[in-house]
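Chemist: If it helps, the file is called my_file-v4.txt and holds compact mmCIF, C-alpha atoms:
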```txt
# COMPACT_ATOMS: atom_id res chain seq x y z
CA MET R 11 47.54 -40.16 -10.33
CA THR R 12 44.40 -42.17 -9.78
CA VAL R 13 45.53 -45.52 -11.17
CA PRO R 14 46.28 -47.94 -8.30
CA VAL R 15 49.66 -49.63 -8.43
CA GLU R 16 47.96 -53.04 -8.50
CA TRP R 17 46.81 -52.34 -12.05
CA TYR R 18 50.37 -51.84 -13.19
CA VAL R 19 51.34 -55.06 -11.41
CA ALA R 20 48.53 -56.89 -13.19
CA LEU R 21 49.51 -55.49 -16.60
CA SER R 22 53.13 -56.42 -15.95
CA ALA R 23 52.11 -59.96 -14.94
CA ILE R 24 50.04 -60.37 -18.11
CA LEU R 25 52.87 -59.12 -20.34
CA PHE R 26 55.35 -61.39 -18.57
CA SER R 27 53.04 -64.37 -19.03
CA ILE R 28 52.65 -63.64 -22.74
CA GLY R 29 56.45 -63.55 -23.00
CA ALA R 30 56.76 -66.86 -21.15
CA LEU R 31 54.10 -68.37 -23.42
CA GLY R 32 56.10 -67.19 -26.43
CA VAL R 33 59.25 -68.85 -25.14
CA LEU R 34 57.39 -72.12 -24.57
CA LEU R 35 55.26 -72.07 -27.71
CA ARG R 36 57.28 -70.73 -30.61
CA ARG R 37 60.02 -72.66 -32.39
CA ASN R 38 61.67 -69.73 -34.17
CA ALA R 39 64.77 -68.76 -32.17
CA ILE R 40 64.45 -65.08 -33.11
CA ILE R 41 60.87 -64.92 -31.83
CA ILE R 42 61.97 -66.63 -28.63
CA PHE R 43 64.48 -63.81 -28.17
CA MET R 44 61.74 -61.26 -28.75
CA SER R 45 59.65 -62.96 -26.06
CA VAL R 46 62.57 -62.72 -23.64
CA GLU R 47 62.73 -58.99 -24.41
CA LEU R 48 59.02 -58.76 -23.65
CA MET R 49 59.56 -60.38 -20.25
CA LEU R 50 62.42 -58.00 -19.42
CA ASN R 51 60.17 -55.14 -20.45
CA ALA R 52 57.41 -56.32 -18.11
CA ALA R 53 59.91 -56.37 -15.24
CA ASN R 54 61.03 -52.85 -16.17
CA LEU R 55 57.44 -51.63 -16.06
CA LEU R 56 57.12 -53.02 -12.54
CA PHE R 57 60.34 -51.28 -11.48
CA VAL R 58 59.13 -47.92 -12.77
CA ALA R 59 55.64 -48.34 -11.27
CA PHE R 60 57.00 -49.09 -7.82
CA SER R 61 59.57 -46.31 -8.18
CA ARG R 62 56.66 -43.95 -8.75
CA TYR R 63 54.51 -45.24 -5.90
CA LEU R 64 57.28 -45.50 -3.32
CA GLY R 65 58.75 -42.14 -4.27
CA ASP R 66 62.19 -43.68 -4.77
CA LEU R 67 64.50 -43.01 -7.71
CA ASP R 68 66.42 -46.29 -7.37
CA GLY R 69 63.85 -48.20 -9.44
CA GLN R 70 64.56 -46.07 -12.48
CA VAL R 71 68.32 -46.52 -12.09
CA LEU R 72 67.77 -50.28 -12.05
CA VAL R 73 65.70 -50.06 -15.24
CA PHE R 74 68.67 -48.30 -16.81
CA PHE R 75 70.89 -51.28 -15.94
CA VAL R 76 68.31 -53.80 -17.13
CA ILE R 77 68.08 -52.06 -20.52
CA THR R 78 71.87 -52.14 -20.85
CA VAL R 79 72.06 -55.85 -20.04
CA ALA R 80 69.20 -56.55 -22.46
CA ALA R 81 71.05 -54.75 -25.25
CA ALA R 82 74.23 -56.77 -24.61
CA GLU R 83 72.23 -59.99 -24.44
CA VAL R 84 70.51 -59.31 -27.76
CA ALA R 85 73.79 -58.53 -29.50
CA VAL R 86 75.44 -61.77 -28.36
CA GLY R 87 72.29 -63.84 -28.87
CA LEU R 88 71.71 -62.66 -32.41
CA ALA R 89 75.37 -63.27 -33.28
CA LEU R 90 74.94 -66.83 -31.98
CA ILE R 91 71.78 -67.26 -34.06
CA VAL R 92 73.61 -66.09 -37.18
CA VAL R 93 76.44 -68.57 -36.57
CA ILE R 94 73.96 -71.40 -35.91
CA PHE R 95 72.10 -70.54 -39.09
CA ARG R 96 75.34 -70.66 -41.10
CA THR R 97 76.09 -74.19 -39.87
CA LYS R 98 72.59 -75.73 -39.61
CA GLN R 99 70.74 -73.66 -42.28
CA SER R 100 67.89 -73.38 -39.80
CA ILE R 101 66.89 -71.49 -36.67
CA ASN R 102 64.20 -73.96 -35.64
CA ILE R 103 65.19 -74.90 -32.11
CA ASP R 104 63.77 -78.40 -32.60
CA GLU R 105 66.50 -79.03 -35.18
CA ILE R 106 69.31 -77.89 -32.90
CA ASN R 107 69.71 -81.28 -31.24
CA LEU R 108 73.44 -82.05 -31.50
CA MET R 109 73.67 -82.62 -27.75
CA LYS R 110 70.91 -85.22 -27.80
CA GLY R 111 72.36 -88.61 -26.85
CA MET J 19 42.61 -43.91 -15.58
CA VAL J 20 41.05 -44.01 -19.04
CA LEU J 21 44.47 -43.42 -20.56
CA PHE J 22 45.91 -46.32 -18.58
CA ILE J 23 43.15 -48.69 -19.70
CA ILE J 24 43.59 -47.75 -23.36
CA LEU J 25 47.37 -48.13 -23.15
CA ALA J 26 47.15 -51.40 -21.24
CA ILE J 27 44.72 -52.99 -23.70
CA SER J 28 46.80 -51.94 -26.69
CA ALA J 29 50.00 -53.16 -25.00
CA VAL J 30 48.49 -56.60 -24.40
CA ALA J 31 47.08 -56.65 -27.94
CA ALA J 32 50.50 -55.79 -29.39
CA ALA J 33 52.14 -58.51 -27.30
CA LEU J 34 49.59 -61.07 -28.47
CA GLY J 35 50.11 -59.90 -32.05
CA MET J 36 53.84 -60.49 -31.65
CA LEU J 37 53.17 -63.95 -30.25
CA PHE J 38 50.80 -65.17 -32.93
CA SER J 39 52.23 -63.61 -36.11
CA ARG J 40 53.35 -66.17 -38.64
CA ASN J 41 55.82 -63.74 -40.15
CA ALA J 42 58.84 -62.83 -37.98
CA VAL J 43 58.98 -59.31 -39.45
CA HIS J 44 55.40 -58.69 -38.32
CA SER J 45 56.38 -59.98 -34.88
CA ALA J 46 59.22 -57.47 -34.69
CA LEU J 47 56.92 -54.62 -35.73
CA PHE J 48 54.33 -55.59 -33.12
CA LEU J 49 57.18 -55.60 -30.59
CA VAL J 50 58.08 -52.02 -31.58
CA LEU J 51 54.45 -51.06 -30.98
CA ASN J 52 54.52 -52.73 -27.57
CA PHE J 53 57.75 -50.95 -26.60
CA ALA J 54 56.34 -47.59 -27.67
CA ILE J 55 53.19 -48.16 -25.59
CA VAL J 56 55.28 -49.14 -22.57
CA ALA J 57 57.30 -45.93 -23.11
CA ALA J 58 54.03 -43.99 -22.98
CA LEU J 59 53.20 -45.79 -19.72
CA TYR J 60 56.59 -44.68 -18.37
CA LEU J 61 55.62 -41.11 -19.22
CA THR J 62 52.42 -41.47 -17.20
CA LEU J 63 54.56 -42.83 -14.34
CA ASN J 64 56.68 -39.68 -14.14
CA ALA J 65 59.73 -41.30 -15.78
CA PRO J 66 60.46 -39.20 -18.88
CA PHE J 67 64.15 -40.10 -19.13
CA ILE J 68 63.48 -43.84 -18.93
CA ALA J 69 60.77 -43.43 -21.57
CA MET J 70 63.22 -41.78 -23.97
CA VAL J 71 65.88 -44.40 -23.24
CA GLN J 72 63.28 -47.07 -23.92
CA ILE J 73 62.47 -45.61 -27.33
CA THR J 74 66.12 -44.99 -28.25
CA VAL J 75 67.58 -48.30 -27.11
CA TYR J 76 64.72 -50.73 -27.67
CA ALA J 77 62.89 -49.31 -30.66
CA GLY J 78 65.98 -47.68 -32.12
CA ALA J 79 68.73 -50.23 -31.59
CA ILE J 80 67.45 -53.62 -30.50
CA ILE J 81 64.55 -53.88 -32.95
CA VAL J 82 66.72 -52.67 -35.81
CA LEU J 83 69.16 -55.45 -34.90
CA PHE J 84 66.31 -57.97 -34.86
CA LEU J 85 65.00 -56.82 -38.24
CA PHE J 86 68.51 -56.81 -39.68
CA VAL J 87 69.13 -60.41 -38.61
CA ILE J 88 65.70 -61.58 -39.80
CA MET J 89 66.26 -60.08 -43.23
CA LEU J 90 69.91 -61.18 -43.37
CA LEU J 91 68.93 -64.78 -42.75
CA GLY J 92 65.76 -64.60 -44.81
CA ALA J 93 64.07 -66.35 -41.92
CA GLU J 94 60.66 -64.67 -42.03
CA GLN J 95 58.90 -68.01 -42.23
CA LEU J 96 60.13 -71.01 -40.35
CA ARG J 97 60.57 -73.90 -42.71
CA GLY J 98 61.54 -77.50 -42.08
CA VAL J 99 59.78 -79.76 -39.61
CA ALA J 100 56.53 -78.89 -37.88
CA GLY J 101 56.27 -75.13 -37.65
CA ASP J 102 55.33 -74.75 -34.02
CA GLY J 103 55.77 -77.99 -32.19
CA GLY J 104 53.22 -80.70 -31.56
CA VAL J 105 49.71 -80.35 -30.21
CA TRP J 106 50.65 -81.67 -26.78
CA GLN J 107 53.44 -79.10 -26.59
CA ARG J 108 50.94 -76.31 -27.19
CA TRP J 109 48.63 -77.58 -24.47
CA LEU J 110 51.54 -77.98 -22.08
CA ALA J 111 52.74 -74.45 -22.79
CA GLY J 112 49.22 -73.08 -22.35
CA GLY J 113 48.77 -74.96 -19.08
CA LEU J 114 52.10 -73.80 -17.67
CA THR J 115 51.31 -70.20 -18.59
CA ALA J 116 47.90 -70.50 -16.93
CA VAL J 117 49.61 -71.76 -13.77
CA LEU J 118 51.99 -68.77 -13.91
CA LEU J 119 49.11 -66.31 -14.34
CA ILE J 120 47.11 -67.91 -11.52
CA SER J 121 50.09 -67.70 -9.17
CA PHE J 122 50.59 -64.03 -10.09
CA ALA J 123 46.89 -63.37 -9.48
CA SER J 124 46.90 -65.15 -6.13
CA ILE J 125 49.85 -63.04 -4.98
CA LEU J 126 48.13 -59.90 -6.24
CA PHE J 127 44.81 -60.63 -4.54
CA GLN J 128 46.26 -61.60 -1.20
CA GLY J 129 46.23 -57.89 -0.51
CA ASN J 130 49.09 -57.63 1.95
CA ALA J 131 51.76 -58.35 -0.64
CA ILE J 132 51.73 -54.78 -1.96
CA THR J 133 52.19 -52.10 0.65
CA PRO J 134 51.78 -48.70 -1.04
CA ALA J 135 48.05 -48.11 -1.14
CA SER J 136 48.40 -44.57 -2.42
CA ALA J 137 51.05 -42.77 -4.39
CA ALA J 138 53.93 -41.12 -2.58
CA GLY J 139 54.81 -37.55 -3.31
CA VAL J 140 56.12 -36.66 -6.74
CA ILE J 141 59.92 -36.83 -6.78
CA ASP J 142 62.42 -35.18 -9.09
CA THR J 143 63.04 -37.62 -11.95
CA SER J 144 64.84 -35.29 -14.32
CA PRO J 145 67.87 -36.69 -16.16
CA ALA J 146 70.09 -34.58 -13.88
CA ALA J 147 68.68 -36.15 -10.72
CA LEU J 148 68.91 -39.61 -12.26
CA GLY J 149 72.52 -38.99 -13.30
CA LEU J 150 73.45 -37.80 -9.82
CA ARG J 151 71.97 -40.96 -8.31
CA LEU J 152 73.72 -43.09 -10.92
CA PHE J 153 77.16 -41.60 -10.31
CA GLU J 154 76.89 -41.34 -6.53
CA ALA J 155 75.19 -44.47 -5.22
CA TYR J 156 75.60 -46.71 -8.26
CA VAL J 157 79.10 -46.00 -9.57
CA PHE J 158 80.35 -49.56 -9.15
CA PRO J 159 77.42 -51.24 -10.97
CA PHE J 160 77.85 -48.61 -13.67
CA GLU J 161 81.51 -49.62 -14.16
CA VAL J 162 80.54 -53.30 -14.16
CA THR J 163 78.03 -52.51 -16.89
CA GLY J 164 80.84 -51.03 -18.93
CA VAL J 165 82.86 -54.24 -18.55
CA LEU J 166 79.78 -56.26 -19.54
CA LEU J 167 79.31 -54.22 -22.71
CA LEU J 168 82.99 -54.65 -23.57
CA ALA J 169 82.67 -58.40 -23.07
CA ALA J 170 79.59 -58.43 -25.32
CA ILE J 171 81.44 -56.52 -28.06
CA ILE J 172 84.44 -58.86 -27.90
CA GLY J 173 82.14 -61.89 -27.88
CA VAL J 174 80.28 -60.78 -30.99
CA VAL J 175 83.52 -59.98 -32.84
CA VAL J 176 85.03 -63.36 -31.89
CA LEU J 177 81.90 -65.20 -33.02
CA SER J 178 81.88 -63.57 -36.45
CA ILE J 179 85.66 -63.79 -37.02
CA SER J 180 86.07 -67.47 -36.13
CA LYS J 181 83.33 -68.29 -38.63
CA LYS J 182 85.21 -66.60 -41.47
CA ARG J 183 88.41 -68.47 -40.59
CA GLY J 184 86.53 -71.78 -40.74
CA GLN J 185 85.39 -71.04 -44.27
CA GLN J 186 88.85 -70.35 -45.65
```
Represent the structure contained in this file as structure tokens.

Modeler:
Amino acid sequence: MTVPVEWYVALSAILFSIGALGVLLRRNAIIIFMSVELMLNAANLLFVAFSRYLGDLDGQVLVFFVITVAAAEVAVGLALIVVIFRTKQSINIDEINLMKG
Amino acid sequence: MVLFIILAISAVAAALGMLFSRNAVHSALFLVLNFAIVAALYLTLNAPFIAMVQITVYAGAIIVLFLFVIMLLGAEQLRGVAGDGGVWQRWLAGGLTAVLLISFASILFQGNAITPASAAGVIDTSPAALGLRLFEAYVFPFEVTGVLLLAAIIGVVVLSISKKRGQQ
């Protein structure tokens, strides 16, 4: 194990930033969800890296919970997207503006 | 070290490919690639069980769900008004992301933010050890996760059923 933990932190920060950029930049709701998954994944990578470097198993248990919550979130989110698509015939988030005054 | 650099570069490349693909199916496939690379990184970090869970749950379940919804809706290409927002929105998003990256980098290079300079001893991360930790110290969060999954199932069923009733 010669890779310093800072490198994993840097990789995780880059992946998280790409995910955040995706959420801000894209207009397709499905791709926004994928970007959220990318950000969760970056956080998971950080958990596992610190679990390895601190010699503590708790980080991996937390990753387990994060994956579970991500799965539940995707199921509900995609069901919402399907319902929105049925009513609006679009998943462009710029066209979902019913709450605009 | 070399392995980490190769994996890191391909992970970032896959993430960028997901971000800039015009076609949503290509985005999903790039995301599978990214998840698989991160699973390989977990293997290098002495986390074999988490790596397998990553492949099973993310690549096996979540991405299949994504692809299923994309193809069900036929929403590969976004149609309608301006595909990806205005020019000023792009610059704003780029600027905000740059600010985020710079703040991450400043934290990283302050030096005292990260304590472990060297790796601790290798610990037992077999599925048995992980399961013992899960059912001894984390029983209550585990039960709460079960309730959360049940709530998600009920929510999805309610969403799809109420739609059918509205059509009749």

Chemist: When distances are computed from only C-alpha atoms, which of J:Leu91, J:Ala54, J:Ala46, J:Val75 shows the smallest separation from Ser100 in chain R?

Modeler: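 Ranked by minimum distance to Ser100 in chain R, first place goes to J:Leu91.
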
Chemist: Looking at all atoms listed in the file, which of J:Leu47, J:Val105, J:Ala58, J:Leu152 is the one that sits closest to chain R?

Modeler: J:Leu152

Chemist: Near range 80-85 of chain J, within 8 Å and counting all atoms listed in the file, which residues show up once chain neighbours fewer than 4 positions away are dropped, as a list in words?

Modeler: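 Once the nearby chain positions are removed, what remains is Ile40, Ala81, Val84, Ala85 and Leu88 of chain R; Val43, Ala46, Leu49, Val50, Val75, Tyr76 and Met89 of chain J.
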
Chemist: Let me make sure I understand: among R:Ala23, R:Ile101, R:Met109, R:Val13, which one has the smallest atom-to-atom distance to Leu48 in chain R if we use all atoms listed in the file?

Modeler: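 So, comparing all the options, the nearest one is R:Ala23.
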
Chemist: Could you give me, as number ranges by chain, the residues that have an atom at most 12 Å away from the point (50.4, -69.8, -17.7) in the coordinates of the file, using all atoms listed in the file?

Modeler: R: 23-35; J: 108-123

Chemist: Restricted to C-alpha atoms, what would the selected residues look like written as a PDB file, in the coordinates of the input?

Modeler:
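Output saved as part-v7.pdb:
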```pdb
ATOM      1  CA  ALA R  23      52.110 -59.960 -14.940  1.00  0.00           C
ATOM      2  CA  ILE R  24      50.040 -60.370 -18.110  1.00  0.00           C
ATOM      3  CA  LEU R  25      52.870 -59.120 -20.340  1.00  0.00           C
ATOM      4  CA  PHE R  26      55.350 -61.390 -18.570  1.00  0.00           C
ATOM      5  CA  SER R  27      53.040 -64.370 -19.030  1.00  0.00           C
ATOM      6  CA  ILE R  28      52.650 -63.640 -22.740  1.00  0.00           C
ATOM      7  CA  GLY R  29      56.450 -63.550 -23.000  1.00  0.00           C
ATOM      8  CA  ALA R  30      56.760 -66.860 -21.150  1.00  0.00           C
ATOM      9  CA  LEU R  31      54.100 -68.370 -23.420  1.00  0.00           C
ATOM     10  CA  GLY R  32      56.100 -67.190 -26.430  1.00  0.00           C
ATOM     11  CA  VAL R  33      59.250 -68.850 -25.140  1.00  0.00           C
ATOM     12  CA  LEU R  34      57.390 -72.120 -24.570  1.00  0.00           C
ATOM     13  CA  LEU R  35      55.260 -72.070 -27.710  1.00  0.00           C
TER      14      LEU R  35
ATOM     15  CA  ARG J 108      50.940 -76.310 -27.190  1.00  0.00           C
ATOM     16  CA  TRP J 109      48.630 -77.580 -24.470  1.00  0.00           C
ATOM     17  CA  LEU J 110      51.540 -77.980 -22.080  1.00  0.00           C
ATOM     18  CA  ALA J 111      52.740 -74.450 -22.790  1.00  0.00           C
ATOM     19  CA  GLY J 112      49.220 -73.080 -22.350  1.00  0.00           C
ATOM     20  CA  GLY J 113      48.770 -74.960 -19.080  1.00  0.00           C
ATOM     21  CA  LEU J 114      52.100 -73.800 -17.670  1.00  0.00           C
ATOM     22  CA  THR J 115      51.310 -70.200 -18.590  1.00  0.00           C
ATOM     23  CA  ALA J 116      47.900 -70.500 -16.930  1.00  0.00           C
ATOM     24  CA  VAL J 117      49.610 -71.760 -13.770  1.00  0.00           C
ATOM     25  CA  LEU J 118      51.990 -68.770 -13.910  1.00  0.00           C
ATOM     26  CA  LEU J 119      49.110 -66.310 -14.340  1.00  0.00           C
ATOM     27  CA  ILE J 120      47.110 -67.910 -11.520  1.00  0.00           C
ATOM     28  CA  SER J 121      50.090 -67.700  -9.170  1.00  0.00           C
ATOM     29  CA  PHE J 122      50.590 -64.030 -10.090  1.00  0.00           C
ATOM     30  CA  ALA J 123      46.890 -63.370  -9.480  1.00  0.00           C
TER      31      ALA J 123
END
```
